[in-house]
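Everything below belongs to work16.cif, which stores mmCIF, C-alpha atoms.
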```
data_final
#
loop_
_atom_site.group_PDB
_atom_site.id
_atom_site.type_symbol
_atom_site.label_atom_id
_atom_site.label_comp_id
_atom_site.auth_asym_id
_atom_site.auth_seq_id
_atom_site.Cartn_x
_atom_site.Cartn_y
_atom_site.Cartn_z
ATOM 1 C CA MET A 1 3.688 4.822 18.398
ATOM 2 C CA LYS A 2 2.954 6.102 14.880
ATOM 3 C CA LYS A 3 -0.803 6.053 15.543
ATOM 4 C CA THR A 4 -0.285 7.981 18.775
ATOM 5 C CA LYS A 5 1.883 10.534 16.980
ATOM 6 C CA THR A 6 -0.708 10.998 14.236
ATOM 7 C CA ALA A 7 -3.537 11.281 16.754
ATOM 8 C CA GLY A 8 -1.548 13.901 18.668
ATOM 9 C CA LYS A 9 -0.965 15.938 15.516
ATOM 10 C CA LEU A 10 -4.641 15.714 14.569
ATOM 11 C CA LEU A 11 -5.627 16.851 18.057
ATOM 12 C CA LEU A 12 -3.239 19.825 17.985
ATOM 13 C CA THR A 13 -4.342 20.742 14.462
ATOM 14 C CA GLY A 14 -7.993 20.684 15.502
ATOM 15 C CA LEU A 15 -7.284 22.694 18.647
ATOM 16 C CA ALA A 16 -5.275 25.308 16.726
ATOM 17 C CA LEU A 17 -8.008 25.700 14.101
ATOM 18 C CA PHE A 18 -10.651 25.948 16.851
ATOM 19 C CA LEU A 19 -8.706 28.787 18.492
ATOM 20 C CA VAL A 20 -8.250 30.537 15.135
ATOM 21 C CA PHE A 21 -11.902 30.410 14.085
ATOM 22 C CA ARG A 22 -13.003 31.357 17.567
ATOM 23 C CA LYS A 23 -11.095 34.638 17.300
ATOM 24 C CA ILE A 24 -11.958 35.705 13.747
ATOM 25 C CA ASP A 25 -15.169 36.797 12.054
ATOM 26 C CA THR A 26 -16.095 33.774 9.908
ATOM 27 C CA ALA A 27 -18.708 35.780 7.990
ATOM 28 C CA GLN A 28 -16.011 38.293 7.045
ATOM 29 C CA LEU A 29 -13.711 35.420 6.074
ATOM 30 C CA TRP A 30 -16.396 34.000 3.781
ATOM 31 C CA GLY A 31 -16.949 37.450 2.302
ATOM 32 C CA LEU A 32 -13.230 37.715 1.516
ATOM 33 C CA ALA A 33 -13.270 34.272 -0.081
ATOM 34 C CA GLN A 34 -16.073 35.321 -2.418
ATOM 35 C CA LYS A 35 -14.153 38.406 -3.549
ATOM 36 C CA ILE A 36 -10.825 36.726 -4.304
ATOM 37 C CA GLN A 37 -9.303 37.999 -7.538
ATOM 38 C CA LEU A 38 -8.353 34.689 -9.105
ATOM 39 C CA ILE A 39 -6.163 36.368 -11.716
ATOM 40 C CA TRP A 40 -3.469 36.730 -9.024
ATOM 41 C CA ILE A 41 -3.683 33.130 -7.819
ATOM 42 C CA LEU A 42 -2.064 31.691 -10.968
ATOM 43 C CA PRO A 43 1.216 33.652 -10.606
ATOM 44 C CA ALA A 44 1.157 32.788 -6.883
ATOM 45 C CA ILE A 45 1.036 29.094 -7.808
ATOM 46 C CA VAL A 46 3.852 29.536 -10.337
ATOM 47 C CA LEU A 47 6.050 31.308 -7.760
ATOM 48 C CA PHE A 48 5.334 28.629 -5.163
ATOM 49 C CA ILE A 49 6.406 25.930 -7.618
ATOM 50 C CA LEU A 50 9.550 27.901 -8.482
ATOM 51 C CA SER A 51 10.355 28.194 -4.773
ATOM 52 C CA LYS A 52 10.184 24.418 -4.440
ATOM 53 C CA VAL A 53 12.262 23.897 -7.589
ATOM 54 C CA ALA A 54 14.951 26.116 -6.036
ATOM 55 C CA THR A 55 14.991 24.160 -2.785
ATOM 56 C CA ALA A 56 14.985 20.851 -4.669
ATOM 57 C CA ILE A 57 18.094 21.990 -6.565
ATOM 58 C CA ARG A 58 19.698 22.873 -3.216
ATOM 59 C CA LEU A 59 18.999 19.377 -1.906
ATOM 60 C CA ASN A 60 20.471 17.815 -5.041
ATOM 61 C CA LEU A 61 23.684 19.772 -4.442
ATOM 62 C CA TYR A 62 23.933 18.108 -1.042
ATOM 63 C CA PHE A 63 23.267 14.711 -2.632
ATOM 64 C CA LYS A 64 26.128 15.249 -5.072
ATOM 65 C CA ASN A 65 28.444 16.010 -2.136
ATOM 66 C CA ILE A 66 27.912 12.423 -0.942
ATOM 67 C CA ARG A 67 28.228 10.914 -4.434
ATOM 68 C CA ILE A 68 24.544 10.490 -5.188
ATOM 69 C CA ARG A 69 24.021 11.315 -8.846
ATOM 70 C CA LEU A 70 20.445 12.225 -9.690
ATOM 71 C CA SER A 71 19.295 14.146 -12.718
ATOM 72 C CA GLU A 72 17.359 17.285 -11.811
ATOM 73 C CA GLN A 73 14.228 15.597 -13.176
ATOM 74 C CA GLN A 74 14.720 12.551 -10.941
ATOM 75 C CA ASN A 75 15.450 14.789 -7.978
ATOM 76 C CA TRP A 76 12.355 16.927 -8.634
ATOM 77 C CA ARG A 77 10.141 13.859 -8.795
ATOM 78 C CA LEU A 78 11.631 12.571 -5.553
ATOM 79 C CA TYR A 79 11.137 15.995 -3.962
ATOM 80 C CA LEU A 80 7.441 16.076 -4.925
ATOM 81 C CA ILE A 81 6.913 12.593 -3.505
ATOM 82 C CA GLY A 82 8.573 13.769 -0.292
ATOM 83 C CA MET A 83 6.230 16.778 -0.136
ATOM 84 C CA PHE A 84 3.256 14.424 -0.466
ATOM 85 C CA TYR A 85 4.524 12.157 2.320
ATOM 86 C CA ASN A 86 5.160 15.128 4.627
ATOM 87 C CA LEU A 87 1.694 16.632 4.187
ATOM 88 C CA PHE A 88 -0.658 13.725 3.638
ATOM 89 C CA LEU A 89 1.046 10.865 5.494
ATOM 90 C CA PRO A 90 2.215 12.583 8.713
ATOM 91 C CA GLY A 91 2.060 9.417 10.787
ATOM 92 C CA GLY A 92 4.346 7.469 8.457
ATOM 93 C CA ILE A 93 8.029 7.802 7.759
ATOM 94 C CA GLY A 94 7.629 11.290 6.303
ATOM 95 C CA GLY A 95 9.179 12.746 3.162
ATOM 96 C CA ASP A 96 12.737 12.876 4.487
ATOM 97 C CA GLY A 97 12.503 9.334 5.800
ATOM 98 C CA TYR A 98 11.229 8.093 2.457
ATOM 99 C CA LYS A 99 14.120 9.724 0.602
ATOM 100 C CA VAL A 100 16.656 8.341 3.073
ATOM 101 C CA TYR A 101 15.208 4.826 2.701
ATOM 102 C CA LEU A 102 15.052 4.920 -1.098
ATOM 103 C CA LEU A 103 18.502 6.432 -1.661
ATOM 104 C CA ASN A 104 20.136 4.135 0.884
ATOM 105 C CA LYS A 105 18.548 1.133 -0.809
ATOM 106 C CA HIS A 106 19.631 2.148 -4.314
ATOM 107 C CA PHE A 107 23.010 3.872 -3.805
ATOM 108 C CA LYS A 108 24.062 2.145 -0.567
ATOM 109 C CA THR A 109 24.924 5.574 0.843
ATOM 110 C CA PRO A 110 25.264 5.459 4.654
ATOM 111 C CA VAL A 111 22.050 6.457 6.415
ATOM 112 C CA LYS A 112 24.002 8.930 8.559
ATOM 113 C CA LYS A 113 25.122 10.884 5.465
ATOM 114 C CA LEU A 114 21.590 10.906 4.053
ATOM 115 C CA ILE A 115 20.139 12.152 7.327
ATOM 116 C CA GLN A 116 22.788 14.885 7.418
ATOM 117 C CA ALA A 117 21.823 15.968 3.890
ATOM 118 C CA ALA A 118 18.125 16.114 4.851
ATOM 119 C CA LEU A 119 18.868 18.010 8.073
ATOM 120 C CA LEU A 120 21.174 20.466 6.331
ATOM 121 C CA ASP A 121 18.487 21.048 3.716
ATOM 122 C CA ARG A 122 16.069 22.085 6.470
ATOM 123 C CA LEU A 123 18.687 24.243 8.177
ATOM 124 C CA GLY A 124 19.530 25.998 4.912
ATOM 125 C CA GLY A 125 15.909 27.024 4.517
ATOM 126 C CA LEU A 126 15.753 28.324 8.085
ATOM 127 C CA VAL A 127 18.943 30.359 7.602
ATOM 128 C CA ALA A 128 17.370 32.186 4.649
ATOM 129 C CA ILE A 129 14.178 32.784 6.643
ATOM 130 C CA PHE A 130 16.032 34.189 9.655
ATOM 131 C CA PHE A 131 18.199 36.440 7.484
ATOM 132 C CA LEU A 132 15.141 37.911 5.760
ATOM 133 C CA LEU A 133 13.367 38.254 9.108
ATOM 134 C CA PHE A 134 16.248 40.295 10.519
ATOM 135 C CA ALA A 135 16.010 42.590 7.494
ATOM 136 C CA LEU A 136 12.228 42.991 7.742
ATOM 137 C CA PHE A 137 12.339 43.699 11.479
ATOM 138 C CA LEU A 138 14.520 46.713 10.637
ATOM 139 C CA VAL A 139 11.985 48.221 8.222
ATOM 140 C CA VAL A 140 8.562 47.102 9.496
ATOM 141 C CA ASP A 141 6.922 49.089 12.288
ATOM 142 C CA ILE A 142 6.111 46.565 15.035
ATOM 143 C CA GLN A 143 4.041 47.867 17.951
ATOM 144 C CA ILE A 144 6.074 46.408 20.812
ATOM 145 C CA ASP A 145 7.951 48.812 23.064
ATOM 146 C CA PHE A 146 11.229 46.930 23.367
ATOM 147 C CA LEU A 147 11.410 46.521 19.578
ATOM 148 C CA GLU A 148 11.784 50.280 19.236
ATOM 149 C CA SER A 149 15.047 50.366 21.142
ATOM 150 C CA GLY A 150 18.466 50.852 19.614
ATOM 151 C CA PHE A 151 19.496 47.582 21.224
ATOM 152 C CA TRP A 152 16.894 45.666 19.180
ATOM 153 C CA ASN A 153 17.992 47.294 15.940
ATOM 154 C CA GLY A 154 21.600 46.504 16.774
ATOM 155 C CA LEU A 155 20.589 42.900 17.412
ATOM 156 C CA MET A 156 18.898 42.697 14.007
ATOM 157 C CA VAL A 157 21.927 44.180 12.244
ATOM 158 C CA SER A 158 24.148 41.699 14.072
ATOM 159 C CA GLY A 159 21.859 38.933 12.908
ATOM 160 C CA LEU A 160 22.199 40.079 9.304
ATOM 161 C CA ILE A 161 25.971 40.139 9.589
ATOM 162 C CA LEU A 162 26.450 36.896 11.521
ATOM 163 C CA THR A 163 23.792 34.499 10.216
ATOM 164 C CA VAL A 164 25.623 33.287 7.111
ATOM 165 C CA PRO A 165 29.115 33.110 8.733
ATOM 166 C CA ALA A 166 27.621 31.219 11.708
ATOM 167 C CA PHE A 167 25.992 28.759 9.323
ATOM 168 C CA TRP A 168 29.324 28.314 7.508
ATOM 169 C CA LEU A 169 31.053 27.483 10.813
ATOM 170 C CA LEU A 170 28.286 25.049 11.746
ATOM 171 C CA GLN A 171 28.642 23.354 8.387
ATOM 172 C CA LYS A 172 32.437 23.286 8.622
ATOM 173 C CA PHE A 173 32.432 21.473 11.959
ATOM 174 C CA LEU A 174 29.288 19.321 11.752
ATOM 175 C CA PHE A 175 28.592 18.867 8.029
ATOM 176 C CA ARG A 176 32.066 19.004 6.523
ATOM 177 C CA ASP A 177 31.207 16.724 3.577
ATOM 178 C CA PHE A 178 28.737 19.318 2.304
ATOM 179 C CA LEU A 179 30.959 22.401 2.608
ATOM 180 C CA PRO A 180 31.918 22.477 -1.131
ATOM 181 C CA SER A 181 28.309 23.362 -1.986
ATOM 182 C CA PHE A 182 27.897 25.980 0.756
ATOM 183 C CA TRP A 183 27.629 29.073 -1.458
ATOM 184 C CA PRO A 184 25.548 27.710 -4.348
ATOM 185 C CA ALA A 185 23.227 25.937 -1.882
ATOM 186 C CA ASN A 186 22.674 29.176 0.023
ATOM 187 C CA VAL A 187 21.986 31.061 -3.201
ATOM 188 C CA TRP A 188 19.238 28.543 -3.974
ATOM 189 C CA SER A 189 17.955 28.844 -0.389
ATOM 190 C CA PHE A 190 17.528 32.591 -0.761
ATOM 191 C CA ALA A 191 16.072 32.204 -4.249
ATOM 192 C CA GLY A 192 13.480 29.788 -2.890
ATOM 193 C CA GLN A 193 12.526 31.989 0.034
ATOM 194 C CA LEU A 194 12.322 35.149 -2.070
ATOM 195 C CA ALA A 195 10.087 33.283 -4.521
ATOM 196 C CA GLN A 196 7.782 32.419 -1.618
ATOM 197 C CA LEU A 197 7.679 36.060 -0.515
ATOM 198 C CA ILE A 198 6.651 37.074 -4.038
ATOM 199 C CA CYS A 199 4.098 34.251 -3.978
ATOM 200 C CA ALA A 200 2.781 35.738 -0.729
ATOM 201 C CA TRP A 201 2.552 39.171 -2.371
ATOM 202 C CA PHE A 202 0.391 37.757 -5.190
ATOM 203 C CA ILE A 203 -1.914 36.086 -2.652
ATOM 204 C CA LEU A 204 -2.284 39.403 -0.845
ATOM 205 C CA LEU A 205 -3.164 41.076 -4.151
ATOM 206 C CA ALA A 206 -5.765 38.363 -4.755
ATOM 207 C CA LEU A 207 -7.338 39.332 -1.421
ATOM 208 C CA GLY A 208 -7.282 43.012 -2.349
ATOM 209 C CA ILE A 209 -4.575 43.842 0.200
ATOM 210 C CA GLU A 210 -2.229 46.556 -1.048
ATOM 211 C CA GLU A 211 -0.995 48.074 2.214
ATOM 212 C CA LYS A 212 1.460 46.845 4.858
ATOM 213 C CA ILE A 213 2.723 44.165 2.465
ATOM 214 C CA LEU A 214 6.059 43.882 4.276
ATOM 215 C CA ALA A 215 4.268 43.436 7.611
ATOM 216 C CA TYR A 216 2.258 40.528 6.215
ATOM 217 C CA GLN A 217 5.437 39.024 4.780
ATOM 218 C CA LEU A 218 7.247 39.367 8.105
ATOM 219 C CA VAL A 219 4.468 37.476 9.905
ATOM 220 C CA PHE A 220 4.439 34.959 7.047
ATOM 221 C CA LEU A 221 8.133 34.234 7.664
ATOM 222 C CA LEU A 222 7.461 33.851 11.395
ATOM 223 C CA SER A 223 4.644 31.431 10.624
ATOM 224 C CA SER A 224 6.964 29.481 8.319
ATOM 225 C CA ILE A 225 9.305 28.841 11.246
ATOM 226 C CA VAL A 226 6.421 27.614 13.401
ATOM 227 C CA ALA A 227 5.084 25.444 10.553
ATOM 228 C CA VAL A 228 8.434 23.618 10.374
ATOM 229 C CA LEU A 229 7.837 22.248 13.874
ATOM 230 C CA PRO A 230 6.167 18.811 13.624
ATOM 231 C CA LEU A 231 3.228 19.772 15.830
ATOM 232 C CA THR A 232 0.280 19.910 13.420
ATOM 233 C CA ILE A 233 -0.643 18.364 10.072
ATOM 234 C CA GLY A 234 1.295 20.275 7.432
ATOM 235 C CA GLY A 235 1.522 23.293 9.712
ATOM 236 C CA VAL A 236 -2.248 23.816 9.465
ATOM 237 C CA GLY A 237 -3.544 25.807 12.404
ATOM 238 C CA ALA A 238 -0.044 26.702 13.578
ATOM 239 C CA ARG A 239 0.457 29.206 10.738
ATOM 240 C CA GLU A 240 -2.976 30.693 11.266
ATOM 241 C CA LEU A 241 -2.416 31.057 15.016
ATOM 242 C CA VAL A 242 0.745 33.075 14.352
ATOM 243 C CA PHE A 243 -1.216 35.459 12.116
ATOM 244 C CA VAL A 244 -4.044 35.754 14.647
ATOM 245 C CA TYR A 245 -1.785 36.595 17.570
ATOM 246 C CA ALA A 246 0.652 38.775 15.610
ATOM 247 C CA HIS A 247 -1.892 40.965 13.802
ATOM 248 C CA THR A 248 -2.156 43.535 16.614
ATOM 249 C CA TYR A 249 1.595 44.068 16.807
ATOM 250 C CA ALA A 250 2.201 44.101 13.050
ATOM 251 C CA GLY A 251 -0.811 46.265 12.185
ATOM 252 C CA ILE A 252 -2.290 43.706 9.777
ATOM 253 C CA GLU A 253 -5.957 42.788 9.392
ATOM 254 C CA GLU A 254 -6.731 39.617 11.329
ATOM 255 C CA THR A 255 -9.292 37.916 9.093
ATOM 256 C CA ALA A 256 -7.437 38.785 5.898
ATOM 257 C CA ALA A 257 -4.255 37.343 7.409
ATOM 258 C CA VAL A 258 -5.995 34.037 8.167
ATOM 259 C CA ALA A 259 -7.498 33.985 4.653
ATOM 260 C CA PHE A 260 -4.000 34.516 3.254
ATOM 261 C CA SER A 261 -2.601 31.663 5.328
ATOM 262 C CA LEU A 262 -5.372 29.278 4.264
ATOM 263 C CA ILE A 263 -4.872 30.096 0.571
ATOM 264 C CA PHE A 264 -1.137 29.506 0.909
ATOM 265 C CA PHE A 265 -1.849 26.128 2.499
ATOM 266 C CA LEU A 266 -4.270 25.166 -0.287
ATOM 267 C CA ILE A 267 -1.641 26.005 -2.907
ATOM 268 C CA SER A 268 0.954 23.985 -1.003
ATOM 269 C CA ALA A 269 -1.447 21.050 -0.596
ATOM 270 C CA GLY A 270 -2.409 21.119 -4.270
ATOM 271 C CA ILE A 271 1.216 20.945 -5.419
ATOM 272 C CA SER A 272 2.071 18.333 -2.796
ATOM 273 C CA LEU A 273 -0.830 16.155 -3.935
ATOM 274 C CA ALA A 274 0.896 15.771 -7.305
ATOM 275 C CA GLY A 275 3.469 13.637 -5.510
ATOM 276 C CA ALA A 276 0.847 10.904 -5.082
ATOM 277 C CA PHE A 277 0.751 10.333 -8.852
ATOM 278 C CA ILE A 278 4.482 10.421 -9.533
ATOM 279 C CA LYS A 279 7.053 7.645 -9.649
ATOM 280 C CA VAL A 280 10.809 8.044 -9.735
ATOM 281 C CA ASP A 281 13.102 5.599 -11.520
ATOM 282 C CA LEU A 282 16.556 5.639 -9.972
ATOM 283 C CA THR A 283 17.860 3.041 -12.444
ATOM 284 C CA GLU A 284 18.031 5.640 -15.220
ATOM 285 C CA ASN A 285 21.381 7.147 -16.153
ATOM 286 C CA HIS A 286 22.517 9.759 -13.607
ATOM 287 C CA ASN A 287 24.289 13.051 -14.197
#
```

Exercise: express the given structure as structure tokens:
Amino acid sequence: MKKTKTAGKLLLTGLALFLVFRKIDTAQLWGLAQKIQLIWILPAIVLFILSKVATAIRLNLYFKNIRIRLSEQQNWRLYLIGMFYNLFLPGGIGGDGYKVYLLNKHFKTPVKKLIQAALLDRLGGLVAIFFLLFALFLVVDIQIDFLESGFWNGLMVSGLILTVPAFWLLQKFLFRDFLPSFWPANVWSFAGQLAQLICAWFILLALGIEEKILAYQLVFLLSSIVAVLPLTIGGVGARELVFVYAHTYAGIEETAAVAFSLIFFLISAGISLAGAFIKVDLTENHN
């Protein structure tokens, strides 16, 4: 079953990349790669790491709600290992599964509670993404007729108003154990997502893109939602497809958008790879 799942992901990843490179000018992509201003890549890497630190802190808040006491250093190490499992071992138990197994083994916390913490962590990230998307849809000029209607704008405003309260209700009824950390966890969710948007801005600067920044960031958020779906390896191909098919409507440059997406993936992969060389000792004293 695992081999079939991995083979399916590899097939979809290959197909997505084939469709992407079939639609873009590869010579132009190579030309962009040769002109990258590396001075902007370093702050992009720093902001990406900070975004992951923020989301790791959010996850540790959920752990504390179910009486798992990890120092932030232990939690960060565990988070990096999980990132490595998610990206480089897609056919295995995955990062969330690894954390559930390890924490259940050491703390004897019920698997159900650990799965809820992992699921809520994912949902918290999506809530921040959707909220920011609603805001960007109000300010970015998208070339689709029905998006210019007052009804669409009203829908986006409603989304801004209702997203967080709806998430609170969901947590109250389905994840009650984690409700005490609702507000601080959401603050870290937004901090993490905003850090990624700034990371995206630095990558765009590295590519020499200084116009339509918000449009690129809007499509980036859309691609982040697609990348969460376990369809391809680490979201590779899926993100790029979103940029390819959204460029006409958002007024962004197609090849530059794909170059941006590939650079973001390389940064993510580089940081995730660190998880292969890290060990976490849960026998140390906990906070």

Worksheet item: Contacts of Ala269 of chain A at 9 Å or less, counting only C-alpha atoms, minus same-chain residues fewer than 5 places along, as an MDAnalysis selection string?
Response: chainID A and resid 83:84 87:88 234 264 274

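Taking all atoms listed in the file into account, Ala256 of chain A lies nearest to A:Glu210 out of the set A:Asp141, A:Asp121, A:Glu284, A:Glu210.
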
Excluding Asn153 of chain A and residues on its chain fewer than 2 positions from it, collect all residues at most 10 Å away from it, counting all atoms listed in the file, and give them as a CSV table (one decimal) with C-alpha atoms, in the coordinates of the input.
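The file below, result37.csv, is the result:
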```
chain,number,residue,atom,x,y,z
A,134,PHE,CA,16.2,40.3,10.5
A,135,ALA,CA,16.0,42.6,7.5
A,137,PHE,CA,12.3,43.7,11.5
A,138,LEU,CA,14.5,46.7,10.6
A,139,VAL,CA,12.0,48.2,8.2
A,147,LEU,CA,11.4,46.5,19.6
A,148,GLU,CA,11.8,50.3,19.2
A,149,SER,CA,15.0,50.4,21.1
A,150,GLY,CA,18.5,50.9,19.6
A,151,PHE,CA,19.5,47.6,21.2
A,155,LEU,CA,20.6,42.9,17.4
A,156,MET,CA,18.9,42.7,14.0
A,157,VAL,CA,21.9,44.2,12.2
A,158,SER,CA,24.1,41.7,14.1
A,159,GLY,CA,21.9,38.9,12.9
```

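For Leu32 of chain A, the residues within 12 Å (counting all atoms listed in the file, excluding itself and residues fewer than 3 positions away along the chain) are Asp25, Thr26, Ala27, Gln28, Leu29, Lys35, Ile36, Gln37, Leu204, Ala206, Leu207, Gly208, Ile209, Glu253, Glu254, Thr255, Ala256, Ala257, Val258, Ala259, Phe260, Leu262 and Ile263 of chain A.
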
Worksheet item: Counting all atoms listed in the file, which residues come within 7 Å of (1.9, 49.7, 16.5), with the point read in the file's coordinates, and could you list them as a PyMOL selection string?
Response: chain A and resi 141-144+249-251

Worksheet item: Which residues come within 8 Å of Leu282 of chain A, counting all atoms listed in the file, excluding same-chain residues fewer than 4 positions away, as a ChimeraX atom specification?
Response: /A:70,74,106

Those same residues, written as a PDB file, in the frame of the given file with C-alpha atoms?
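Result written to result.pdb:
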```pdb
ATOM      1  CA  LEU A  70      20.445  12.225  -9.690  1.00  0.00           C
ATOM      2  CA  GLN A  74      14.720  12.551 -10.941  1.00  0.00           C
ATOM      3  CA  HIS A 106      19.631   2.148  -4.314  1.00  0.00           C
TER       4      HIS A 106
END
```

Output of the PyMOL selection byres ((chain A and resi 61-64) around 12), listed as a short mmCIF file (atom, residue, chain, number, x, y, z; two decimals) with C-alpha atoms, in the coordinates of the input:
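Once everything was written out, this is result.cif:
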```cif
data_model
loop_
_atom_site.label_atom_id
_atom_site.label_comp_id
_atom_site.auth_asym_id
_atom_site.auth_seq_id
_atom_site.Cartn_x
_atom_site.Cartn_y
_atom_site.Cartn_z
CA ALA A 54 14.95 26.12 -6.04
CA THR A 55 14.99 24.16 -2.78
CA ALA A 56 14.98 20.85 -4.67
CA ILE A 57 18.09 21.99 -6.56
CA ARG A 58 19.70 22.87 -3.22
CA LEU A 59 19.00 19.38 -1.91
CA ASN A 60 20.47 17.82 -5.04
CA ASN A 65 28.44 16.01 -2.14
CA ILE A 66 27.91 12.42 -0.94
CA ARG A 67 28.23 10.91 -4.43
CA ILE A 68 24.54 10.49 -5.19
CA ARG A 69 24.02 11.32 -8.85
CA LEU A 70 20.44 12.22 -9.69
CA SER A 71 19.30 14.15 -12.72
CA GLU A 72 17.36 17.28 -11.81
CA ASN A 75 15.45 14.79 -7.98
CA LYS A 99 14.12 9.72 0.60
CA VAL A 100 16.66 8.34 3.07
CA LEU A 103 18.50 6.43 -1.66
CA ASN A 104 20.14 4.14 0.88
CA PHE A 107 23.01 3.87 -3.80
CA THR A 109 24.92 5.57 0.84
CA PRO A 110 25.26 5.46 4.65
CA LYS A 113 25.12 10.88 5.46
CA LEU A 114 21.59 10.91 4.05
CA ILE A 115 20.14 12.15 7.33
CA GLN A 116 22.79 14.88 7.42
CA ALA A 117 21.82 15.97 3.89
CA ALA A 118 18.12 16.11 4.85
CA LEU A 119 18.87 18.01 8.07
CA LEU A 120 21.17 20.47 6.33
CA ASP A 121 18.49 21.05 3.72
CA ARG A 122 16.07 22.08 6.47
CA GLY A 124 19.53 26.00 4.91
CA GLN A 171 28.64 23.35 8.39
CA PHE A 175 28.59 18.87 8.03
CA ARG A 176 32.07 19.00 6.52
CA ASP A 177 31.21 16.72 3.58
CA PHE A 178 28.74 19.32 2.30
CA LEU A 179 30.96 22.40 2.61
CA PRO A 180 31.92 22.48 -1.13
CA SER A 181 28.31 23.36 -1.99
CA PHE A 182 27.90 25.98 0.76
CA TRP A 183 27.63 29.07 -1.46
CA PRO A 184 25.55 27.71 -4.35
CA ALA A 185 23.23 25.94 -1.88
CA ASN A 186 22.67 29.18 0.02
CA VAL A 187 21.99 31.06 -3.20
CA TRP A 188 19.24 28.54 -3.97
CA SER A 189 17.95 28.84 -0.39
CA HIS A 286 22.52 9.76 -13.61
CA ASN A 287 24.29 13.05 -14.20
#
```

Worksheet item: So how far away is atom CA of Tyr216 of chain A from atom CA of Gln193 of chain A, in Å?
Response: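 These two atoms are separated by 14.7 Å.
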
Practice prompt. Mind checking which residues fall within 12 Å of Ile45 of chain A, counting all atoms listed in the file, ignoring those fewer than 2 positions away in the same chain, and posting them as a VMD selection string?
Written response: chain A and resid 38 to 43 47 to 52 195 to 196 198 to 203 206 263 to 272

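Here the question is which of A:Leu78, A:Val219, A:Leu169, A:Ile278 gets nearest to Leu197 of chain A using only C-alpha atoms, and that residue is A:Val219.
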
Worksheet item: How many Å separate atom CA of Leu126 of chain A from atom CA of Phe167 of chain A?
Response: 10.3 Å

Item to complete: State, in Å with one decimal place, the distance from atom CA of Phe131 of chain A to atom CA of Lys212 of chain A.
Response: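 These atoms are spaced 19.9 Å apart.
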
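Nearest to Trp168 of chain A of all the residues A:Ala191, A:Ala44, A:Val127, A:Leu132 is A:Val127, based on only C-alpha atoms.
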
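Distance check against Val244 of chain A using only C-alpha atoms: of A:Tyr79, A:Ser261, A:Val46, A:Val228, the minimum falls on A:Ser261.
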
Worksheet item: Out of A:Val140, A:Ile252, A:Phe220, A:Ala166, which residue has the shortest atom-to-atom distance to Ala238 of chain A when counting only C-alpha atoms?
Response: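 The closest residue to Ala238 of chain A is A:Phe220.
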